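Heads up, target-v9.pdb below (PDB, C-alpha atoms, pLDDT in the B column):
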ATOM      1  CA  ALA A   1      64.213  66.951  97.044  1.00 80.00           C
ATOM      2  CA  GLN A   2      66.147  69.850  95.603  1.00 87.00           C
ATOM      3  CA  SER A   3      65.533  73.543  95.922  1.00 91.00           C
ATOM      4  CA  VAL A   4      67.120  76.819  94.909  1.00 94.00           C
ATOM      5  CA  THR A   5      66.914  80.136  96.692  1.00 95.00           C
ATOM      6  CA  GLN A   6      67.648  83.443  95.033  1.00 95.00           C
ATOM      7  CA  LEU A   7      67.295  85.896  97.866  1.00 90.00           C
ATOM      8  CA  ASP A   8      67.405  89.048  95.762  1.00 93.00           C
ATOM      9  CA  SER A   9      64.398  89.528  93.515  1.00 93.00           C
ATOM     10  CA  GLN A  10      65.792  92.784  92.123  1.00 96.00           C
ATOM     11  CA  VAL A  11      69.324  94.161  91.949  1.00 97.00           C
ATOM     12  CA  PRO A  12      70.007  97.689  90.649  1.00 97.00           C
ATOM     13  CA  VAL A  13      73.627  98.378  89.712  1.00 97.00           C
ATOM     14  CA  PHE A  14      75.379 101.340  88.150  1.00 97.00           C
ATOM     15  CA  GLU A  15      76.938 100.787  84.752  1.00 97.00           C
ATOM     16  CA  GLU A  16      80.565  99.588  84.930  1.00 97.00           C
ATOM     17  CA  ALA A  17      80.163  98.593  88.582  1.00 98.00           C
ATOM     18  CA  PRO A  18      80.632  94.988  89.734  1.00 98.00           C
ATOM     19  CA  VAL A  19      77.683  92.778  90.539  1.00 98.00           C
ATOM     20  CA  GLU A  20      77.026  89.586  92.464  1.00 98.00           C
ATOM     21  CA  LEU A  21      73.773  87.661  92.163  1.00 98.00           C
ATOM     22  CA  ARG A  22      73.288  85.189  94.968  1.00 97.00           C
ATOM     23  CA  CYS A  23      72.134  81.591  94.673  1.00 97.00           C
ATOM     24  CA  ASN A  24      71.892  78.969  97.396  1.00 97.00           C
ATOM     25  CA  TYR A  25      70.762  75.414  96.838  1.00 95.00           C
ATOM     26  CA  SER A  26      69.613  72.480  98.879  1.00 91.00           C
ATOM     27  CA  SER A  27      70.228  68.890  97.873  1.00 84.00           C
ATOM     28  CA  SER A  28      71.062  65.594  99.502  1.00 79.00           C
ATOM     29  CA  VAL A  29      73.159  64.433  96.559  1.00 82.00           C
ATOM     30  CA  SER A  30      75.881  65.829  94.354  1.00 84.00           C
ATOM     31  CA  VAL A  31      74.569  68.568  92.139  1.00 88.00           C
ATOM     32  CA  TYR A  32      74.899  70.143  88.764  1.00 91.00           C
ATOM     33  CA  LEU A  33      74.333  73.908  88.847  1.00 93.00           C
ATOM     34  CA  PHE A  34      73.348  76.317  86.102  1.00 94.00           C
ATOM     35  CA  TRP A  35      72.811  80.015  85.538  1.00 96.00           C
ATOM     36  CA  TYR A  36      70.407  81.058  82.795  1.00 95.00           C
ATOM     37  CA  VAL A  37      69.656  84.585  81.558  1.00 96.00           C
ATOM     38  CA  GLN A  38      66.391  85.788  80.097  1.00 93.00           C
ATOM     39  CA  TYR A  39      66.558  89.039  78.135  1.00 91.00           C
ATOM     40  CA  PRO A  40      63.298  90.982  77.707  1.00 85.00           C
ATOM     41  CA  ASN A  41      60.847  89.104  75.513  1.00 79.00           C
ATOM     42  CA  GLN A  42      63.313  86.305  74.836  1.00 84.00           C
ATOM     43  CA  GLY A  43      63.793  82.712  75.943  1.00 85.00           C
ATOM     44  CA  LEU A  44      66.275  81.407  78.467  1.00 91.00           C
ATOM     45  CA  GLN A  45      69.925  81.271  77.481  1.00 92.00           C
ATOM     46  CA  LEU A  46      72.616  79.343  79.324  1.00 93.00           C
ATOM     47  CA  LEU A  47      75.275  81.562  80.901  1.00 95.00           C
ATOM     48  CA  LEU A  48      77.369  78.865  82.529  1.00 95.00           C
ATOM     49  CA  LYS A  49      77.195  75.555  84.325  1.00 93.00           C
ATOM     50  CA  TYR A  50      79.062  73.640  87.008  1.00 93.00           C
ATOM     51  CA  LEU A  51      79.298  69.885  86.637  1.00 89.00           C
ATOM     52  CA  SER A  52      82.509  68.927  88.426  1.00 86.00           C
ATOM     53  CA  GLY A  53      86.144  69.912  88.723  1.00 87.00           C
ATOM     54  CA  SER A  54      87.232  73.507  89.146  1.00 89.00           C
ATOM     55  CA  THR A  55      84.871  75.410  91.402  1.00 91.00           C
ATOM     56  CA  LEU A  56      85.291  78.630  89.411  1.00 96.00           C
ATOM     57  CA  VAL A  57      83.278  78.495  86.238  1.00 95.00           C
ATOM     58  CA  LYS A  58      83.530  81.057  83.459  1.00 96.00           C
ATOM     59  CA  GLY A  59      80.624  81.711  81.149  1.00 94.00           C
ATOM     60  CA  ILE A  60      79.564  83.956  78.336  1.00 93.00           C
ATOM     61  CA  ASN A  61      79.448  87.756  78.397  1.00 93.00           C
ATOM     62  CA  GLY A  62      82.125  88.021  81.074  1.00 96.00           C
ATOM     63  CA  PHE A  63      80.148  86.274  83.813  1.00 97.00           C
ATOM     64  CA  GLU A  64      81.616  83.748  86.225  1.00 97.00           C
ATOM     65  CA  ALA A  65      80.329  81.768  89.175  1.00 98.00           C
ATOM     66  CA  GLU A  66      81.923  79.946  92.058  1.00 96.00           C
ATOM     67  CA  PHE A  67      80.663  76.678  93.474  1.00 95.00           C
ATOM     68  CA  ASN A  68      81.008  76.560  97.248  1.00 94.00           C
ATOM     69  CA  LYS A  69      79.975  73.176  98.593  1.00 92.00           C
ATOM     70  CA  SER A  70      80.340  74.053 102.268  1.00 93.00           C
ATOM     71  CA  GLN A  71      78.080  77.069 101.889  1.00 94.00           C
ATOM     72  CA  THR A  72      75.845  75.376  99.284  1.00 94.00           C
ATOM     73  CA  SER A  73      76.157  78.443  97.110  1.00 96.00           C
ATOM     74  CA  PHE A  74      76.724  79.220  93.447  1.00 97.00           C
ATOM     75  CA  HIS A  75      76.893  83.003  93.229  1.00 98.00           C
ATOM     76  CA  LEU A  76      77.155  84.737  89.861  1.00 98.00           C
ATOM     77  CA  ARG A  77      79.562  87.637  89.395  1.00 98.00           C
ATOM     78  CA  LYS A  78      80.656  90.138  86.792  1.00 98.00           C
ATOM     79  CA  PRO A  79      83.401  92.706  87.425  1.00 97.00           C
ATOM     80  CA  SER A  80      81.888  95.442  85.261  1.00 97.00           C
ATOM     81  CA  VAL A  81      78.308  95.457  83.999  1.00 97.00           C
ATOM     82  CA  HIS A  82      76.888  97.034  80.856  1.00 96.00           C
ATOM     83  CA  ILE A  83      73.455  98.260  79.905  1.00 96.00           C
ATOM     84  CA  SER A  84      73.048  95.151  77.784  1.00 95.00           C
ATOM     85  CA  ASP A  85      73.219  92.975  80.917  1.00 96.00           C
ATOM     86  CA  THR A  86      69.752  94.156  81.924  1.00 96.00           C
ATOM     87  CA  ALA A  87      67.806  90.905  82.181  1.00 96.00           C
ATOM     88  CA  GLU A  88      66.420  88.333  84.571  1.00 95.00           C
ATOM     89  CA  TYR A  89      68.840  85.737  85.847  1.00 97.00           C
ATOM     90  CA  PHE A  90      67.839  82.268  86.998  1.00 96.00           C
ATOM     91  CA  CYS A  91      69.846  79.795  89.012  1.00 96.00           C
ATOM     92  CA  ALA A  92      68.957  76.118  88.561  1.00 94.00           C
ATOM     93  CA  VAL A  93      69.985  72.790  90.037  1.00 92.00           C
ATOM     94  CA  THR A  94      69.762  69.170  89.104  1.00 88.00           C
ATOM     95  CA  SER A  95      71.662  65.984  89.842  1.00 83.00           C
ATOM     96  CA  PHE A  96      72.830  62.842  88.121  1.00 79.00           C
ATOM     97  CA  GLY A  97      69.849  60.801  86.958  1.00 76.00           C
ATOM     98  CA  ASN A  98      67.428  63.674  87.518  1.00 77.00           C
ATOM     99  CA  GLU A  99      66.310  65.191  84.237  1.00 76.00           C
ATOM    100  CA  LYS A 100      64.337  68.044  85.753  1.00 83.00           C
ATOM    101  CA  LEU A 101      65.850  71.426  86.353  1.00 88.00           C
ATOM    102  CA  THR A 102      64.696  73.081  89.561  1.00 91.00           C
ATOM    103  CA  PHE A 103      64.823  76.831  89.180  1.00 93.00           C
ATOM    104  CA  GLY A 104      65.076  79.695  91.605  1.00 94.00           C
ATOM    105  CA  THR A 105      62.555  82.511  91.403  1.00 92.00           C
ATOM    106  CA  GLY A 106      64.939  84.729  89.475  1.00 94.00           C
ATOM    107  CA  THR A 107      66.791  87.989  90.030  1.00 96.00           C
ATOM    108  CA  ARG A 108      66.022  91.002  87.896  1.00 95.00           C
ATOM    109  CA  LEU A 109      69.233  92.909  87.178  1.00 97.00           C
ATOM    110  CA  THR A 110      68.728  96.552  86.282  1.00 96.00           C
ATOM    111  CA  ILE A 111      71.689  98.591  85.058  1.00 96.00           C
ATOM    112  CA  ILE A 112      71.604 102.288  85.900  1.00 94.00           C
ATOM    113  CA  PRO A 113      73.369 104.517  83.340  1.00 92.00           C
TER     114      PRO A 113
ATOM    115  CA  GLY B   1      66.086  76.557  62.178  1.00 53.00           C
ATOM    116  CA  ALA B   2      69.001  76.323  64.511  1.00 79.00           C
ATOM    117  CA  GLY B   3      67.096  76.721  67.760  1.00 91.00           C
ATOM    118  CA  VAL B   4      63.992  75.471  69.541  1.00 94.00           C
ATOM    119  CA  SER B   5      60.865  76.991  68.059  1.00 95.00           C
ATOM    120  CA  GLN B   6      57.427  77.303  69.609  1.00 96.00           C
ATOM    121  CA  SER B   7      54.055  78.292  68.254  1.00 96.00           C
ATOM    122  CA  PRO B   8      52.010  80.294  68.663  1.00 96.00           C
ATOM    123  CA  SER B   9      54.032  83.011  70.355  1.00 95.00           C
ATOM    124  CA  ASN B  10      50.877  84.369  71.962  1.00 96.00           C
ATOM    125  CA  LYS B  11      47.527  82.736  72.607  1.00 97.00           C
ATOM    126  CA  VAL B  12      44.462  84.343  74.114  1.00 97.00           C
ATOM    127  CA  THR B  13      41.570  82.060  74.904  1.00 97.00           C
ATOM    128  CA  GLU B  14      38.366  82.002  76.867  1.00 97.00           C
ATOM    129  CA  LYS B  15      37.964  80.076  80.070  1.00 97.00           C
ATOM    130  CA  GLY B  16      36.794  76.547  79.374  1.00 97.00           C
ATOM    131  CA  LYS B  17      38.308  76.284  75.889  1.00 97.00           C
ATOM    132  CA  ASP B  18      41.021  73.788  74.933  1.00 98.00           C
ATOM    133  CA  VAL B  19      44.410  74.962  73.656  1.00 98.00           C
ATOM    134  CA  GLU B  20      47.349  73.278  71.926  1.00 98.00           C
ATOM    135  CA  LEU B  21      50.888  74.569  72.149  1.00 98.00           C
ATOM    136  CA  ARG B  22      53.555  73.302  69.786  1.00 97.00           C
ATOM    137  CA  CYS B  23      57.283  72.796  70.201  1.00 97.00           C
ATOM    138  CA  ASP B  24      59.870  71.974  67.531  1.00 96.00           C
ATOM    139  CA  PRO B  25      63.108  70.897  69.216  1.00 94.00           C
ATOM    140  CA  ILE B  26      66.581  71.230  67.801  1.00 93.00           C
ATOM    141  CA  SER B  27      67.128  68.567  65.159  1.00 91.00           C
ATOM    142  CA  GLY B  28      68.769  65.465  66.610  1.00 88.00           C
ATOM    143  CA  HIS B  29      68.001  66.294  70.224  1.00 90.00           C
ATOM    144  CA  THR B  30      66.645  63.229  71.986  1.00 88.00           C
ATOM    145  CA  ALA B  31      65.246  64.895  75.088  1.00 90.00           C
ATOM    146  CA  LEU B  32      62.400  67.400  75.232  1.00 93.00           C
ATOM    147  CA  TYR B  33      61.053  69.282  78.244  1.00 94.00           C
ATOM    148  CA  TRP B  34      58.086  71.524  78.980  1.00 96.00           C
ATOM    149  CA  TYR B  35      58.204  74.175  81.720  1.00 95.00           C
ATOM    150  CA  ARG B  36      55.759  76.823  82.835  1.00 96.00           C
ATOM    151  CA  GLN B  37      56.742  80.329  83.885  1.00 92.00           C
ATOM    152  CA  SER B  38      54.112  82.212  85.838  1.00 89.00           C
ATOM    153  CA  LEU B  39      53.986  85.117  88.266  1.00 80.00           C
ATOM    154  CA  GLY B  40      54.363  83.925  91.798  1.00 70.00           C
ATOM    155  CA  GLN B  41      55.377  80.403  90.790  1.00 72.00           C
ATOM    156  CA  GLY B  42      58.588  81.008  88.885  1.00 81.00           C
ATOM    157  CA  LEU B  43      59.704  78.317  86.467  1.00 90.00           C
ATOM    158  CA  GLU B  44      58.089  74.920  87.002  1.00 92.00           C
ATOM    159  CA  PHE B  45      58.883  71.624  85.336  1.00 93.00           C
ATOM    160  CA  LEU B  46      55.870  70.037  83.626  1.00 95.00           C
ATOM    161  CA  ILE B  47      56.892  67.010  81.569  1.00 94.00           C
ATOM    162  CA  TYR B  48      59.946  65.324  80.048  1.00 91.00           C
ATOM    163  CA  PHE B  49      60.323  63.087  76.987  1.00 91.00           C
ATOM    164  CA  GLN B  50      63.375  60.974  76.266  1.00 88.00           C
ATOM    165  CA  GLY B  51      63.489  58.944  73.078  1.00 82.00           C
ATOM    166  CA  ASN B  52      60.875  56.184  73.080  1.00 80.00           C
ATOM    167  CA  SER B  53      60.689  55.923  76.851  1.00 84.00           C
ATOM    168  CA  ALA B  54      57.513  56.694  78.751  1.00 86.00           C
ATOM    169  CA  PRO B  55      57.411  60.422  79.533  1.00 89.00           C
ATOM    170  CA  ASP B  56      57.944  61.757  83.026  1.00 89.00           C
ATOM    171  CA  LYS B  57      54.649  63.511  83.732  1.00 90.00           C
ATOM    172  CA  SER B  58      55.302  64.198  87.380  1.00 90.00           C
ATOM    173  CA  GLY B  59      55.148  67.969  86.978  1.00 92.00           C
ATOM    174  CA  LEU B  60      51.772  68.217  85.264  1.00 94.00           C
ATOM    175  CA  PRO B  61      49.507  70.221  87.595  1.00 93.00           C
ATOM    176  CA  SER B  62      46.241  68.461  86.763  1.00 94.00           C
ATOM    177  CA  ASP B  63      44.675  65.891  84.440  1.00 95.00           C
ATOM    178  CA  ARG B  64      43.608  68.764  82.184  1.00 97.00           C
ATOM    179  CA  PHE B  65      47.201  68.903  80.995  1.00 97.00           C
ATOM    180  CA  SER B  66      48.630  66.370  78.569  1.00 96.00           C
ATOM    181  CA  ALA B  67      51.478  66.229  76.107  1.00 95.00           C
ATOM    182  CA  GLU B  68      52.661  64.026  73.309  1.00 94.00           C
ATOM    183  CA  ARG B  69      55.733  63.800  71.188  1.00 93.00           C
ATOM    184  CA  THR B  70      55.334  62.383  67.721  1.00 85.00           C
ATOM    185  CA  GLY B  71      58.126  60.612  65.915  1.00 81.00           C
ATOM    186  CA  GLY B  72      60.590  61.610  68.572  1.00 76.00           C
ATOM    187  CA  SER B  73      60.524  65.202  67.363  1.00 89.00           C
ATOM    188  CA  VAL B  74      57.653  67.698  67.547  1.00 94.00           C
ATOM    189  CA  SER B  75      55.724  67.925  70.805  1.00 96.00           C
ATOM    190  CA  THR B  76      52.271  69.283  71.574  1.00 97.00           C
ATOM    191  CA  LEU B  77      51.137  70.390  75.008  1.00 97.00           C
ATOM    192  CA  THR B  78      47.350  70.353  75.354  1.00 97.00           C
ATOM    193  CA  ILE B  79      45.403  72.095  78.071  1.00 98.00           C
ATOM    194  CA  GLN B  80      41.742  71.160  78.277  1.00 98.00           C
ATOM    195  CA  ARG B  81      39.026  73.332  79.802  1.00 97.00           C
ATOM    196  CA  THR B  82      41.452  76.166  80.444  1.00 97.00           C
ATOM    197  CA  GLN B  83      41.241  78.110  83.682  1.00 97.00           C
ATOM    198  CA  GLN B  84      42.506  81.600  84.459  1.00 95.00           C
ATOM    199  CA  GLU B  85      45.272  80.156  86.623  1.00 94.00           C
ATOM    200  CA  ASP B  86      46.658  78.452  83.508  1.00 96.00           C
ATOM    201  CA  SER B  87      47.753  81.858  82.227  1.00 96.00           C
ATOM    202  CA  ALA B  88      51.542  81.725  81.961  1.00 96.00           C
ATOM    203  CA  VAL B  89      54.437  81.472  79.550  1.00 95.00           C
ATOM    204  CA  TYR B  90      54.971  77.882  78.481  1.00 97.00           C
ATOM    205  CA  LEU B  91      58.590  77.104  77.655  1.00 96.00           C
ATOM    206  CA  CYS B  92      59.930  74.160  75.731  1.00 96.00           C
ATOM    207  CA  ALA B  93      63.526  72.979  75.878  1.00 94.00           C
ATOM    208  CA  SER B  94      65.542  70.229  74.242  1.00 92.00           C
ATOM    209  CA  SER B  95      68.879  68.606  74.877  1.00 90.00           C
ATOM    210  CA  LEU B  96      71.063  66.282  72.875  1.00 87.00           C
ATOM    211  CA  LEU B  97      71.376  63.731  75.636  1.00 75.00           C
ATOM    212  CA  PRO B  98      69.488  63.234  78.892  1.00 65.00           C
ATOM    213  CA  LEU B  99      70.461  65.620  81.633  1.00 57.00           C
ATOM    214  CA  ALA B 100      71.799  62.626  83.496  1.00 57.00           C
ATOM    215  CA  GLY B 101      74.649  63.213  81.137  1.00 50.00           C
ATOM    216  CA  SER B 102      74.656  66.821  82.320  1.00 67.00           C
ATOM    217  CA  ASP B 103      73.899  68.137  78.856  1.00 76.00           C
ATOM    218  CA  THR B 104      72.627  71.683  78.377  1.00 84.00           C
ATOM    219  CA  GLN B 105      68.935  72.342  77.864  1.00 89.00           C
ATOM    220  CA  TYR B 106      68.225  74.803  75.070  1.00 91.00           C
ATOM    221  CA  PHE B 107      65.057  76.814  75.481  1.00 93.00           C
ATOM    222  CA  GLY B 108      62.571  78.137  72.977  1.00 94.00           C
ATOM    223  CA  PRO B 109      61.095  81.656  73.144  1.00 92.00           C
ATOM    224  CA  GLY B 110      57.915  80.415  74.811  1.00 94.00           C
ATOM    225  CA  THR B 111      54.172  80.695  74.232  1.00 96.00           C
ATOM    226  CA  ARG B 112      52.375  83.312  76.295  1.00 95.00           C
ATOM    227  CA  LEU B 113      48.939  81.953  77.178  1.00 97.00           C
ATOM    228  CA  THR B 114      46.259  84.289  78.475  1.00 97.00           C
ATOM    229  CA  VAL B 115      42.982  82.826  79.679  1.00 97.00           C
ATOM    230  CA  LEU B 116      40.197  85.377  79.944  1.00 95.00           C
TER     231      LEU B 116
END

How does this structure look as structure tokens?
Amino acid sequence: AQSVTQLDSQVPVFEEAPVELRCNYSSSVSVYLFWYVQYPNQGLQLLLKYLSGSTLVKGINGFEAEFNKSQTSFHLRKPSVHISDTAEYFCAVTSFGNEKLTFGTGTRLTIIP
Amino acid sequence: GAGVSQSPSNKVTEKGKDVELRCDPISGHTALYWYRQSLGQGLEFLIYFQGNSAPDKSGLPSDRFSAERTGGSVSTLTIQRTQQEDSAVYLCASSLLPLAGSDTQYFGPGTRLTVL
């Protein structure tokens, strides 16, 4: 079985400050990891994904995430946030041969002007 | 359209009524998924279709839920005898290839279902 834990349900950050959204996973097999963003009243949009290779993954809108196998983590970071980054962020995991994405409960990022 | 579309965007129904939710995947995508997003439960997998293979129904919460995919394209999720706990946003996603190939799932805007 696979699971994802997003410990922070809400993260307030001042505009232009850096942010880290935490994600830890549990799996007995090699994983594929994803970060999705959901803007208010919109569907989910892929930010980035880790499949294999380099552990530092760059995505859209200046976000990046680092896969850490020993710590079973895939934290999302951005060096300087903008008002437009206000959204809910979901971490998800799956594995080869498993078509289902298992999602975390989400982290609501609020940018303070 | 270029993306996954879902209809209706909002549906309000009375307890005990049946509802049908529709999903139009991205043209050419072979895989189609239904998820449910509800307060307290987060995002849950419901069902997965891949080509002509039998669907993976392992996420359906009860036998009141069913789904079909006609002609390998449009899908309909049906909820019979709706209950208040069925209230949620139902999301559809499609991908070009099965996720076993680690392909990205593209999500629609969702259908917000409210059961009174």

Query raised in the report: When the PyMOL selection byres ((chain B and resi 73-81) around 8) is applied to the file above, which residues end up in the set, as a list in words?
Result: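 Selected by the PyMOL selection byres ((chain B and resi 73-81) around 8) here: Lys15, Gly16, Lys17, Asp18, Val19, Glu20, Leu21, Arg22, Cys23, Asp24, Pro25, Ser27, Thr30, Arg64, Phe65, Ser66, Ala67, Glu68, Arg69, Thr70, Gly71, Gly72, Thr82 and Gln83 of chain B.
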
Using C-alpha atoms, can you write the selected residues to a file as an mmCIF file, in the frame of the given file?
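Below is the file again39.cif, written as the result:
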data_model
loop_
_atom_site.group_PDB
_atom_site.id
_atom_site.type_symbol
_atom_site.label_atom_id
_atom_site.label_comp_id
_atom_site.auth_asym_id
_atom_site.auth_seq_id
_atom_site.Cartn_x
_atom_site.Cartn_y
_atom_site.Cartn_z
ATOM 1 C CA LYS B 15 37.964 80.076 80.070
ATOM 2 C CA GLY B 16 36.794 76.547 79.374
ATOM 3 C CA LYS B 17 38.308 76.284 75.889
ATOM 4 C CA ASP B 18 41.021 73.788 74.933
ATOM 5 C CA VAL B 19 44.410 74.962 73.656
ATOM 6 C CA GLU B 20 47.349 73.278 71.926
ATOM 7 C CA LEU B 21 50.888 74.569 72.149
ATOM 8 C CA ARG B 22 53.555 73.302 69.786
ATOM 9 C CA CYS B 23 57.283 72.796 70.201
ATOM 10 C CA ASP B 24 59.870 71.974 67.531
ATOM 11 C CA PRO B 25 63.108 70.897 69.216
ATOM 12 C CA SER B 27 67.128 68.567 65.159
ATOM 13 C CA THR B 30 66.645 63.229 71.986
ATOM 14 C CA ARG B 64 43.608 68.764 82.184
ATOM 15 C CA PHE B 65 47.201 68.903 80.995
ATOM 16 C CA SER B 66 48.630 66.370 78.569
ATOM 17 C CA ALA B 67 51.478 66.229 76.107
ATOM 18 C CA GLU B 68 52.661 64.026 73.309
ATOM 19 C CA ARG B 69 55.733 63.800 71.188
ATOM 20 C CA THR B 70 55.334 62.383 67.721
ATOM 21 C CA GLY B 71 58.126 60.612 65.915
ATOM 22 C CA GLY B 72 60.590 61.610 68.572
ATOM 23 C CA THR B 82 41.452 76.166 80.444
ATOM 24 C CA GLN B 83 41.241 78.110 83.682
#

Requested in this report: Find the distance between atom CA of B:Leu116 and atom CA of B:Val12 and write it in Å to one decimal.
Outcome: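 Between atom CA of B:Leu116 and atom CA of B:Val12 the gap works out to 7.3 Å.
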
Got a sec to pull out which chain B residues are within 10 Å of chain A, counting all atoms listed in the file, and send them as a CSV table (one decimal) with C-alpha atoms, in the frame of the given file?
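Writing the result to part-v5.csv gives the following:
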chain,number,residue,atom,x,y,z
B,4,VAL,CA,64.0,75.5,69.5
B,31,ALA,CA,65.2,64.9,75.1
B,33,TYR,CA,61.1,69.3,78.2
B,34,TRP,CA,58.1,71.5,79.0
B,35,TYR,CA,58.2,74.2,81.7
B,37,GLN,CA,56.7,80.3,83.9
B,39,LEU,CA,54.0,85.1,88.3
B,40,GLY,CA,54.4,83.9,91.8
B,41,GLN,CA,55.4,80.4,90.8
B,42,GLY,CA,58.6,81.0,88.9
B,43,LEU,CA,59.7,78.3,86.5
B,44,GLU,CA,58.1,74.9,87.0
B,45,PHE,CA,58.9,71.6,85.3
B,46,LEU,CA,55.9,70.0,83.6
B,47,ILE,CA,56.9,67.0,81.6
B,48,TYR,CA,59.9,65.3,80.0
B,49,PHE,CA,60.3,63.1,77.0
B,50,GLN,CA,63.4,61.0,76.3
B,56,ASP,CA,57.9,61.8,83.0
B,58,SER,CA,55.3,64.2,87.4
B,59,GLY,CA,55.1,68.0,87.0
B,91,LEU,CA,58.6,77.1,77.7
B,92,CYS,CA,59.9,74.2,75.7
B,93,ALA,CA,63.5,73.0,75.9
B,98,PRO,CA,69.5,63.2,78.9
B,99,LEU,CA,70.5,65.6,81.6
B,100,ALA,CA,71.8,62.6,83.5
B,101,GLY,CA,74.6,63.2,81.1
B,102,SER,CA,74.7,66.8,82.3
B,103,ASP,CA,73.9,68.1,78.9
B,104,THR,CA,72.6,71.7,78.4
B,105,GLN,CA,68.9,72.3,77.9
B,106,TYR,CA,68.2,74.8,75.1
B,107,PHE,CA,65.1,76.8,75.5
B,108,GLY,CA,62.6,78.1,73.0
B,109,PRO,CA,61.1,81.7,73.1
B,110,GLY,CA,57.9,80.4,74.8
B,111,THR,CA,54.2,80.7,74.2

Requested in this report: Tell me which protein, DNA and RNA residues are within 8 Å of A:His82, counting only C-alpha atoms, leaving out same-chain ones fewer than 3 positions away, and put them as a list in words.
Outcome: Glu15, Glu16, Asp85, Thr86 and Ile111 of chain A

Query raised in the report: Using the chain letters and numbers from the file, which residues does the PyMOL selection byres ((chain A and resi 11) around 12) grab, as a list in words?
Result: Gln6, Leu7, Asp8, Ser9, Gln10, Pro12, Val13, Phe14, Pro18, Val19, Glu20, Leu21, Arg22, Asp85, Thr86, Ala87, Glu88, Tyr89, Gly106, Thr107, Arg108, Leu109, Thr110, Ile111 and Ile112 of chain A

**Report entry** Proximity to B:Ser53 - best of B:Leu32, B:Arg112, B:Asn10, B:Ser87, all atoms listed in the file
**Finding:**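 Of all the options, B:Leu32 lies closest to B:Ser53.
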
Report task. Just give me the gap between atom CA of A:Trp35 and atom CA of A:Phe67 in Å, one decimal is fine. Result ->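 Interatomic distance, atom CA of A:Trp35 to atom CA of A:Phe67: 11.7 Å.
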
Query - Interatomic distance (Å, one decimal) between atom CA of A:Asn24 and atom CA of A:Thr72 - result: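 It comes out at 5.7 Å.
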
Query raised in the report: Between A:Val37, A:Val81, A:Val93, A:Cys23, which has the minimum distance to A:Ala65 (counting all atoms listed in the file)?
Result: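 Comparing A:Val37, A:Val81, A:Val93, A:Cys23 against A:Ala65, the winner is A:Cys23.
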
Report task. Could you check which of B:Thr114, B:Gln84, B:Ser62, B:Ser95 is closest to B:Gly3, using all atoms listed in the file? Result ->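 Between B:Thr114, B:Gln84, B:Ser62, B:Ser95, the residue approaching B:Gly3 most closely is B:Ser95.
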
Query raised in the report: Could you list as a list in words every residue that has an atom within 8 Å of (78.7, 89.1, 81.4), using the file's coordinates and counting all atoms listed in the file?
Result: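 I get Gly59, Ile60, Asn61, Gly62, Phe63, Glu64, Lys78, Val81 and Asp85 of chain A for the residues within 8 Å of that point.
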
Query - Nearest candidate to B:Val89 (options B:Pro61, B:Arg36, B:Ser7, B:Asn52; using only C-alpha atoms) - result: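 Checking each of B:Pro61, B:Arg36, B:Ser7, B:Asn52 against B:Val89, counting only C-alpha atoms, the winner is B:Arg36.
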
Query raised in the report: From the set A:Ser73, A:Gln2, A:Tyr39, A:Ser30, which residue has the shortest atom-to-atom contact distance to A:Ser52, counting only C-alpha atoms?
Result: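 Among the listed residues, A:Ser30 lies closest to A:Ser52.
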